[in-house]
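Down below is the structure, laid out as structure tokens.
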Amino acid sequence: MSEQPNPSPLDSFNPEIVKRVLETVLLTTQDPLPLSELKKLFNDELSAEVLRRLLEELREEWTTSGIELVTVAEGWRFHTKPEMQPFLDRLNPLKPPRYSRAVLETMAIIAYRQPVTRGDIEAIRGVTVSSAIIKTLEARGWIDTIGHRNVPGRPALFATTKKFLNDLSLRTLEELPPLEELGSLVDSTRNQEIFPDDEAATPVT
Amino acid sequence: MSEQPNPSPLDSFNPEIVKRVLETVLLTTQDPLPLSELKKLFNDELSAEVLRRLLEELREEWTTSGIELVTVAEGWRFHTKPEMQPFLDRLNPLKPPRYSRAVLETMAIIAYRQPVTRGDIEAIRGVTVSSAIIKTLEARGWIDTIGHRNVPGRPALFATTKKFLNDLSLRTLEELPPLEELGSLVDSTRNQEIFPDDEAATPVT
Amino acid sequence: MNQLIDSVEKHPVARICGQPLMEIPQDLYIPPEALEVFLDTFQGPLDLLLYLIRKHNLDIRDIPMAELTRQYMAYVTAMRVDQLELAAEYLLMTALLIEIKSRMLLPNPSSQTEEADDPRAELVRRLLEYEQMKLAAFKLNELPQAERDFALVQVWIEKSISSHPPQVNVDDLRNAWVTLLTRTRINRHHHISRESLSVRAHMSQILRHLHDREMVEFYELLSPGANVPEVVVIFLALLELAREMLVEITQSEAFGIIYVRATESIAA
């Protein structure tokens, strides 16, 4: 690599050329690229400010095409617009896995209650959580072990990864859909007595 | 997402839209795509002639950018122009390239179902397996031909090699993840209405 | 608390049992013949209980406990073999409901005003928390997901071919297989049977062996130190190869030498 001549700084600083370089690099990389990486392309001689502005311009330029430039947890990346999916499916009828409810519920509990142990997940779901479920989510790169709870058995504590956010096009966990408020289980018009949970949610009795 | 409506033929036949679809598909696929595959995008309703002309137009449109549309033995694909290499080299650590899903699935089938012919692989994947995929795996030294099935055409039987085991840090094939447990992890019924979620999903009050 | 007990008495059990049996169970008992469907449909006793409460206005205080218990015991007996763990979880839930009912039938004078002593409170809390997560899972699944709902862009870098070959790990293969499995479940034309991998591996091994030599004697395929399971697997591999017409097995006379040869060498 070192034998390659360095591009002249003059060229690199021409905004159009900078944009073409950014575009090329982003088009070749599936993983999102953070600004810190993108700065390296120009030997850190362009400010994050300038790069962000040029990336926004690039985003504009691509709006009429079938792919779009987005920011996710780990940085900038291109992905296809949803309306292109039917075409992509025709070429590739291969469907990535649609997870079972057991996997999805486990994922939701880890996402919203992290860090949690397998025991915590089982307590909420009321059933055993198989290792295969955990493995599936780990293999997808959506969860990992971030430590162990200091109780007998030292169970692993699971949390979501950056890849989880990336794959759902989220920048932070705060962008997850908000949880439903806990409501009540009993029809309040039929049952006179008060449940602890009722007070918060029921408008009438 | 099989529930996605098919794009209307009218839209697909607008040359600009056809070009946007071709562009999108080619930007998401590392493996070169032959015209026969690209025709599938439009339900084989566009002639090779028309597609070739539109691809040539697309090639023209891309000449000023950092990547170019080229034809190689196996078909059409985008790749980076040489002058972009110095910039790509500055990104480090260089993200290791990844095999396409087609290659990975073919590899998985050979690993789990060996000895198999190309026809066997196609039967499981439901799509054509290009020679490029087989060549990629052979060139890597992960599979080889261990015989031929005694049926018309005498297709080659593929199996995994020692190098495959070495490169994946496995001692024997039995160390591959067992398949039995995987079945329960995917959503076996794609119809949502089978689940009682619909009722439960009504807002809790 | 008196009010609570009064209301229990005011609501007859018949309210939940009066409805005709539909495809979804009306109470916590799962008819054995429908078991597989329901176990697939519900994630466990909490899920089922939640469904019954939401759908049929089941009152968790008014479940016909004696009948339910009797049914459950029969069910657990029937399911002892393959679903014992799940059966145990349903049983545990039944026990909890019975405990709740019994505690509510007994006036507890010492805690007239304590809401915390309502035996249902903990169960209600758990049900609501589970429901919250269930809804969250549903919404999470609705979010556009990489690979499923959109593709990532990746243009080929010419240079990368020779310098760094892509790395693959076991998880990649596993994921690839899950994908295949999903697809084959959707298009039912292709069946991936669940043969032991070791049989497939030995099939390859035998074919490799036959690749160099036209014909081998059966016993040569069994390595001298092979243990019983290995011999069985090798034998199964040979049978499978014969079934797939990849080898031909011949024996000219009873108890004579069994020869194995690749069918391609016959054709060649």
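Every chain in the structure tokens has a letter given in the order shown (A, B, ...), and although residue numbers restart at 1 in each chain, ligands are simply numbered from 1 in the order shown.
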
Could you pull the residues within 8 Å of B:Thr160, counting only C-alpha atoms, minus those fewer than 4 positions along the same chain, as a list in words?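 The neighbour list is Ile110, Ala111, Gln114, Trp142, Ile143, Asp144, Phe164 and Leu165 of chain B.
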
Any chance you could export the current selection's N, CA and C atoms as a PDB file, in the first residue's frame?
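Wrote selection-v1.pdb, looks like this:
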```
ATOM      1  N   ILE B 110     -22.755 -27.770   1.116  1.00  0.00           N
ATOM      2  CA  ILE B 110     -21.722 -28.775   0.866  1.00  0.00           C
ATOM      3  C   ILE B 110     -21.218 -29.343   2.190  1.00  0.00           C
ATOM      4  N   ALA B 111     -21.050 -28.463   3.177  1.00  0.00           N
ATOM      5  CA  ALA B 111     -20.533 -28.936   4.464  1.00  0.00           C
ATOM      6  C   ALA B 111     -21.506 -29.908   5.128  1.00  0.00           C
ATOM      7  N   GLN B 114     -22.803 -33.087   2.217  1.00  0.00           N
ATOM      8  CA  GLN B 114     -21.882 -33.745   1.310  1.00  0.00           C
ATOM      9  C   GLN B 114     -22.062 -35.262   1.327  1.00  0.00           C
ATOM     10  N   TRP B 142     -11.448 -25.153  -0.294  1.00  0.00           N
ATOM     11  CA  TRP B 142     -12.379 -25.616   0.739  1.00  0.00           C
ATOM     12  C   TRP B 142     -13.227 -26.794   0.271  1.00  0.00           C
ATOM     13  N   ILE B 143     -13.413 -26.908  -1.039  1.00  0.00           N
ATOM     14  CA  ILE B 143     -14.174 -28.056  -1.547  1.00  0.00           C
ATOM     15  C   ILE B 143     -13.386 -28.696  -2.671  1.00  0.00           C
ATOM     16  N   ASP B 144     -13.645 -29.953  -2.934  1.00  0.00           N
ATOM     17  CA  ASP B 144     -13.135 -30.540  -4.155  1.00  0.00           C
ATOM     18  C   ASP B 144     -14.084 -31.618  -4.656  1.00  0.00           C
ATOM     19  N   PHE B 164     -10.613 -26.869   4.624  1.00  0.00           N
ATOM     20  CA  PHE B 164     -11.829 -26.235   5.119  1.00  0.00           C
ATOM     21  C   PHE B 164     -11.905 -26.358   6.635  1.00  0.00           C
ATOM     22  N   LEU B 165     -11.676 -27.580   7.115  1.00  0.00           N
ATOM     23  CA  LEU B 165     -11.710 -27.792   8.562  1.00  0.00           C
ATOM     24  C   LEU B 165     -10.635 -26.949   9.250  1.00  0.00           C
TER      25      LEU B 165
END
```

Env of B:Lys162: 12 Å cut, atoms = only C-alpha atoms, seq-sep filter 3 positions within chain, self excluded. Answer as a list in words. Ala111, Arg140, Gly141, Trp142, Ile143, Asp144, Ala159, Leu165, Asn166, Asp167, Leu168, Ser169, Leu170, Arg171, Thr172 and Leu173 of chain B; Ala201, Ser204 and Gln205 of chain C

All alpha helix (DSSP H) positions in stretch 6-112 of chain B, as a ChimeraX atom specification: /B:9-13,15-28,35-40,48-61,85-90,101-112

Enumerate as a VMD selection string the residues belonging to chain A that approach chain B to within 6 Å, with only C-alpha atoms taken into account. chain A and resid 20 24 41 66 87 90 98 to 100 183

Saved selection, atoms kept: all heavy atoms, as a short mmCIF file (atom, residue, chain, number, x, y, z; two decimals), in the first residue's frame:
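Final output, saved to again26.cif:
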```
data_model
loop_
_atom_site.label_atom_id
_atom_site.label_comp_id
_atom_site.auth_asym_id
_atom_site.auth_seq_id
_atom_site.Cartn_x
_atom_site.Cartn_y
_atom_site.Cartn_z
N ARG A 20 -16.76 12.56 -4.24
CA ARG A 20 -16.62 11.32 -5.02
C ARG A 20 -15.88 10.25 -4.23
O ARG A 20 -16.22 9.08 -4.29
CB ARG A 20 -15.89 11.60 -6.34
CG ARG A 20 -16.65 12.41 -7.39
CD ARG A 20 -17.88 11.71 -7.94
NE ARG A 20 -19.04 11.73 -7.07
CZ ARG A 20 -19.84 12.79 -6.86
NH1 ARG A 20 -19.62 13.95 -7.45
NH2 ARG A 20 -20.88 12.69 -6.04
N THR A 24 -17.46 6.71 -3.12
CA THR A 24 -16.84 5.45 -3.51
C THR A 24 -16.60 4.57 -2.29
O THR A 24 -16.93 3.38 -2.28
CB THR A 24 -15.49 5.72 -4.21
OG1 THR A 24 -15.73 6.54 -5.33
CG2 THR A 24 -14.83 4.43 -4.64
N LEU A 41 -9.49 9.36 5.36
CA LEU A 41 -9.37 9.38 3.90
C LEU A 41 -8.64 10.62 3.43
O LEU A 41 -8.02 10.63 2.38
CB LEU A 41 -10.77 9.36 3.26
CG LEU A 41 -11.58 8.09 3.41
CD1 LEU A 41 -13.01 8.32 2.95
CD2 LEU A 41 -10.93 6.98 2.59
N GLY A 66 -32.30 4.49 -6.18
CA GLY A 66 -32.86 3.36 -5.45
C GLY A 66 -32.16 3.08 -4.14
O GLY A 66 -32.59 2.22 -3.37
N PHE A 87 -37.90 -6.02 -6.13
CA PHE A 87 -37.00 -6.37 -7.23
C PHE A 87 -35.86 -7.25 -6.73
O PHE A 87 -35.52 -8.25 -7.35
CB PHE A 87 -36.44 -5.10 -7.88
CG PHE A 87 -37.48 -4.27 -8.58
CD1 PHE A 87 -37.96 -3.10 -8.03
CD2 PHE A 87 -37.96 -4.68 -9.81
CE1 PHE A 87 -38.93 -2.34 -8.68
CE2 PHE A 87 -38.92 -3.93 -10.48
CZ PHE A 87 -39.41 -2.76 -9.91
N ARG A 90 -36.85 -10.74 -6.33
CA ARG A 90 -37.02 -11.53 -7.53
C ARG A 90 -35.72 -12.19 -7.95
O ARG A 90 -35.69 -13.27 -8.53
CB ARG A 90 -37.45 -10.64 -8.70
CG ARG A 90 -38.91 -10.34 -8.66
CD ARG A 90 -39.26 -9.58 -9.92
NE ARG A 90 -40.55 -8.96 -9.75
CZ ARG A 90 -41.06 -8.10 -10.62
NH1 ARG A 90 -40.36 -7.76 -11.68
NH2 ARG A 90 -42.24 -7.58 -10.41
N ARG A 98 -36.78 -15.35 9.42
CA ARG A 98 -37.74 -14.60 10.20
C ARG A 98 -37.80 -15.32 11.53
O ARG A 98 -38.07 -16.50 11.59
CB ARG A 98 -39.11 -14.63 9.54
CG ARG A 98 -39.15 -13.86 8.23
CD ARG A 98 -40.52 -13.94 7.61
NE ARG A 98 -41.51 -13.31 8.47
CZ ARG A 98 -41.83 -12.02 8.38
NH1 ARG A 98 -41.28 -11.27 7.48
NH2 ARG A 98 -42.72 -11.49 9.20
N TYR A 99 -37.50 -14.59 12.58
CA TYR A 99 -37.33 -15.27 13.85
C TYR A 99 -38.66 -15.67 14.46
O TYR A 99 -39.67 -15.02 14.26
CB TYR A 99 -36.53 -14.38 14.80
CG TYR A 99 -35.15 -14.12 14.30
CD1 TYR A 99 -34.74 -12.85 13.96
CD2 TYR A 99 -34.24 -15.17 14.15
CE1 TYR A 99 -33.46 -12.60 13.47
CE2 TYR A 99 -32.97 -14.94 13.67
CZ TYR A 99 -32.58 -13.66 13.33
OH TYR A 99 -31.33 -13.43 12.84
N SER A 100 -38.60 -16.74 15.24
CA SER A 100 -39.79 -17.21 15.96
C SER A 100 -40.12 -16.22 17.06
O SER A 100 -39.32 -15.36 17.43
CB SER A 100 -39.51 -18.56 16.58
OG SER A 100 -38.52 -18.43 17.59
N GLY A 183 -50.86 -1.47 31.59
CA GLY A 183 -52.26 -1.15 31.80
C GLY A 183 -52.85 -1.98 32.91
O GLY A 183 -52.21 -2.21 33.93
#
```

Using only C-alpha atoms, which of C:Asp172, C:Glu89, C:Glu244, C:Asp47 sits nearest C:Met203? C:Glu244

Any chance you could tabulate, as JSON lines, the residues of chain C at most 8 Å from chain A with each one's nearest atom pair and distance in Å to one decimal, using only C-alpha atoms, in chain and rising number order?
```
{"residue": "C:Gln3", "atom": "CA", "partner": "A:Glu193", "partner_atom": "CA", "distance": 7.1}
{"residue": "C:Leu4", "atom": "CA", "partner": "A:Glu193", "partner_atom": "CA", "distance": 6.4}
{"residue": "C:Ser7", "atom": "CA", "partner": "A:Asn191", "partner_atom": "CA", "distance": 7.6}
{"residue": "C:Gln43", "atom": "CA", "partner": "A:Ala102", "partner_atom": "CA", "distance": 6.7}
{"residue": "C:Gly44", "atom": "CA", "partner": "A:Val127", "partner_atom": "CA", "distance": 5.9}
{"residue": "C:Pro45", "atom": "CA", "partner": "A:Gly126", "partner_atom": "CA", "distance": 6.9}
{"residue": "C:Leu46", "atom": "CA", "partner": "A:Gly126", "partner_atom": "CA", "distance": 6.0}
{"residue": "C:Asp47", "atom": "CA", "partner": "A:Arg125", "partner_atom": "CA", "distance": 8.0}
{"residue": "C:Ile53", "atom": "CA", "partner": "A:Leu185", "partner_atom": "CA", "distance": 7.3}
{"residue": "C:Arg54", "atom": "CA", "partner": "A:Leu185", "partner_atom": "CA", "distance": 7.7}
{"residue": "C:Asn57", "atom": "CA", "partner": "A:Asp187", "partner_atom": "CA", "distance": 7.9}
{"residue": "C:Asp59", "atom": "CA", "partner": "A:Val186", "partner_atom": "CA", "distance": 7.6}
{"residue": "C:Leu86", "atom": "CA", "partner": "A:Val127", "partner_atom": "CA", "distance": 7.4}
{"residue": "C:Glu89", "atom": "CA", "partner": "A:Val127", "partner_atom": "CA", "distance": 6.6}
{"residue": "C:Glu115", "atom": "CA", "partner": "A:Pro196", "partner_atom": "CA", "distance": 7.0}
{"residue": "C:Ala121", "atom": "CA", "partner": "A:Pro196", "partner_atom": "CA", "distance": 7.2}
{"residue": "C:Val124", "atom": "CA", "partner": "A:Leu185", "partner_atom": "CA", "distance": 7.0}
{"residue": "C:Arg125", "atom": "CA", "partner": "A:Asp197", "partner_atom": "CA", "distance": 7.9}
{"residue": "C:Arg126", "atom": "CA", "partner": "A:Ile124", "partner_atom": "CA", "distance": 6.7}
{"residue": "C:Leu128", "atom": "CA", "partner": "A:Leu182", "partner_atom": "CA", "distance": 6.1}
{"residue": "C:Glu129", "atom": "CA", "partner": "A:Ile124", "partner_atom": "CA", "distance": 6.8}
{"residue": "C:Tyr130", "atom": "CA", "partner": "A:Ile124", "partner_atom": "CA", "distance": 5.6}
{"residue": "C:Gln132", "atom": "CA", "partner": "A:Glu180", "partner_atom": "CA", "distance": 6.0}
{"residue": "C:Met133", "atom": "CA", "partner": "A:Ile109", "partner_atom": "CA", "distance": 6.1}
{"residue": "C:Lys134", "atom": "CA", "partner": "A:Glu105", "partner_atom": "CA", "distance": 5.9}
{"residue": "C:Leu135", "atom": "CA", "partner": "A:Glu180", "partner_atom": "CA", "distance": 7.5}
{"residue": "C:Ala136", "atom": "CA", "partner": "A:Ala108", "partner_atom": "CA", "distance": 6.0}
{"residue": "C:Ala137", "atom": "CA", "partner": "A:Ala108", "partner_atom": "CA", "distance": 4.9}
{"residue": "C:Phe138", "atom": "CA", "partner": "A:Leu104", "partner_atom": "CA", "distance": 7.6}
{"residue": "C:Lys139", "atom": "CA", "partner": "A:Pro177", "partner_atom": "CA", "distance": 6.8}
{"residue": "C:Leu140", "atom": "CA", "partner": "A:Ala108", "partner_atom": "CA", "distance": 7.0}
{"residue": "C:Asn141", "atom": "CA", "partner": "A:Leu104", "partner_atom": "CA", "distance": 7.2}
{"residue": "C:Leu143", "atom": "CA", "partner": "A:Leu168", "partner_atom": "CA", "distance": 6.4}
{"residue": "C:Pro144", "atom": "CA", "partner": "A:Leu168", "partner_atom": "CA", "distance": 5.9}
{"residue": "C:Gln145", "atom": "CA", "partner": "A:Leu168", "partner_atom": "CA", "distance": 4.9}
{"residue": "C:Ala146", "atom": "CA", "partner": "A:Asp167", "partner_atom": "CA", "distance": 4.7}
{"residue": "C:Glu147", "atom": "CA", "partner": "A:Pro96", "partner_atom": "CA", "distance": 6.4}
{"residue": "C:Arg148", "atom": "CA", "partner": "A:Pro96", "partner_atom": "CA", "distance": 5.8}
{"residue": "C:Asp149", "atom": "CA", "partner": "A:Pro82", "partner_atom": "CA", "distance": 6.3}
{"residue": "C:Phe150", "atom": "CA", "partner": "A:Thr80", "partner_atom": "CA", "distance": 5.4}
{"residue": "C:Ala151", "atom": "CA", "partner": "A:Thr80", "partner_atom": "CA", "distance": 5.4}
{"residue": "C:Leu152", "atom": "CA", "partner": "A:His79", "partner_atom": "CA", "distance": 4.6}
{"residue": "C:Val153", "atom": "CA", "partner": "A:His79", "partner_atom": "CA", "distance": 5.5}
{"residue": "C:Gln154", "atom": "CA", "partner": "A:Thr28", "partner_atom": "CA", "distance": 4.6}
{"residue": "C:Val155", "atom": "CA", "partner": "A:Thr28", "partner_atom": "CA", "distance": 4.4}
{"residue": "C:Trp156", "atom": "CA", "partner": "A:Thr28", "partner_atom": "CA", "distance": 6.4}
{"residue": "C:Ile157", "atom": "CA", "partner": "A:Thr28", "partner_atom": "CA", "distance": 6.8}
{"residue": "C:Asp171", "atom": "CA", "partner": "A:Ala139", "partner_atom": "CA", "distance": 5.6}
{"residue": "C:Asp172", "atom": "CA", "partner": "A:Ala139", "partner_atom": "CA", "distance": 7.7}
{"residue": "C:Asn175", "atom": "CA", "partner": "A:Ala139", "partner_atom": "CA", "distance": 7.2}
{"residue": "C:Val178", "atom": "CA", "partner": "A:Pro97", "partner_atom": "CA", "distance": 6.3}
{"residue": "C:Thr179", "atom": "CA", "partner": "A:Pro97", "partner_atom": "CA", "distance": 5.0}
{"residue": "C:Leu180", "atom": "CA", "partner": "A:Leu94", "partner_atom": "CA", "distance": 7.5}
{"residue": "C:Thr182", "atom": "CA", "partner": "A:Pro97", "partner_atom": "CA", "distance": 5.9}
{"residue": "C:Arg183", "atom": "CA", "partner": "A:Lys95", "partner_atom": "CA", "distance": 6.2}
```

Write out as a compact mmCIF listing (two decimals) with C-alpha atoms, in the first residue's frame which residues come within 12 Å of stretch 145-154 of chain B when counting only C-alpha atoms, dropping same-chain ones fewer than 3 positions away.
```txt
# COMPACT_ATOMS: atom_id res chain seq x y z
CA ILE B 110 -21.72 -28.78 0.87
CA GLN B 114 -21.88 -33.75 1.31
CA PRO B 115 -21.33 -35.39 -1.06
CA VAL B 116 -23.59 -33.25 -3.24
CA THR B 117 -23.86 -32.27 -6.87
CA ARG B 118 -24.54 -28.78 -8.14
CA GLY B 119 -28.08 -29.95 -8.89
CA ASP B 120 -28.55 -30.95 -5.24
CA ILE B 134 -18.12 -23.25 -7.14
CA LYS B 135 -14.86 -21.90 -8.55
CA LEU B 137 -14.80 -22.33 -3.14
CA GLU B 138 -12.52 -24.62 -5.12
CA GLY B 141 -9.29 -25.06 -1.39
CA TRP B 142 -12.38 -25.62 0.74
CA LEU B 157 -19.85 -34.67 -6.38
CA PHE B 158 -18.47 -32.04 -4.05
CA ALA B 159 -17.19 -32.52 -0.52
CA THR B 160 -15.27 -30.43 1.97
CA THR B 161 -11.51 -30.68 2.31
CA MET C 203 -19.95 -40.85 2.79
CA SER C 204 -17.43 -38.30 1.53
CA GLN C 205 -14.63 -40.21 3.16
CA ILE C 206 -15.60 -43.49 1.51
CA LEU C 207 -15.91 -41.84 -1.89
CA ARG C 208 -12.50 -40.26 -1.47
CA HIS C 209 -11.15 -43.69 -0.68
CA LEU C 210 -12.77 -45.14 -3.80
CA HIS C 211 -11.48 -42.27 -5.87
CA ASP C 212 -7.96 -43.66 -5.98
CA ARG C 213 -8.87 -47.33 -6.24
CA GLU C 214 -11.32 -48.99 -8.46
CA LEU C 241 -24.19 -44.27 -0.79
CA ALA C 242 -25.78 -47.37 -2.27
CA ARG C 243 -29.23 -45.81 -2.00
CA GLU C 244 -28.03 -42.69 -3.80
CA MET C 245 -26.46 -45.02 -6.37
CA LEU C 246 -23.00 -43.68 -5.78
CA VAL C 247 -21.48 -47.06 -5.00
CA GLU C 248 -22.18 -50.57 -6.02
CA ARG C 261 -16.83 -49.76 -5.93
CA ALA C 262 -17.82 -46.30 -7.06
CA THR C 263 -20.49 -46.41 -9.72
CA GLU C 264 -18.56 -43.90 -11.80
CA SER C 265 -15.68 -46.33 -12.19
CA ILE C 266 -18.19 -48.82 -13.52
CA ALA C 267 -19.44 -46.33 -16.06
CA ALA C 268 -15.98 -45.10 -17.01
```

Please report, as a PyMOL selection string, each residue of stretch 29-189 of chain A to which DSSP assigns strand (DSSP E or B) when run on this structure's backbone. chain A and resi 33+67-72+75-80+99+116+143-148+156-160

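Atom CA of A:Glu56 to atom CA of A:Pro34 spans 14.0 Å [interatomic distance, one decimal].
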
When you count only C-alpha atoms, which of these residues is closest to A:Glu74: A:Pro155, A:Val50, A:Lys163, A:Val18?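 Among the listed residues, A:Lys163 lies closest to A:Glu74.
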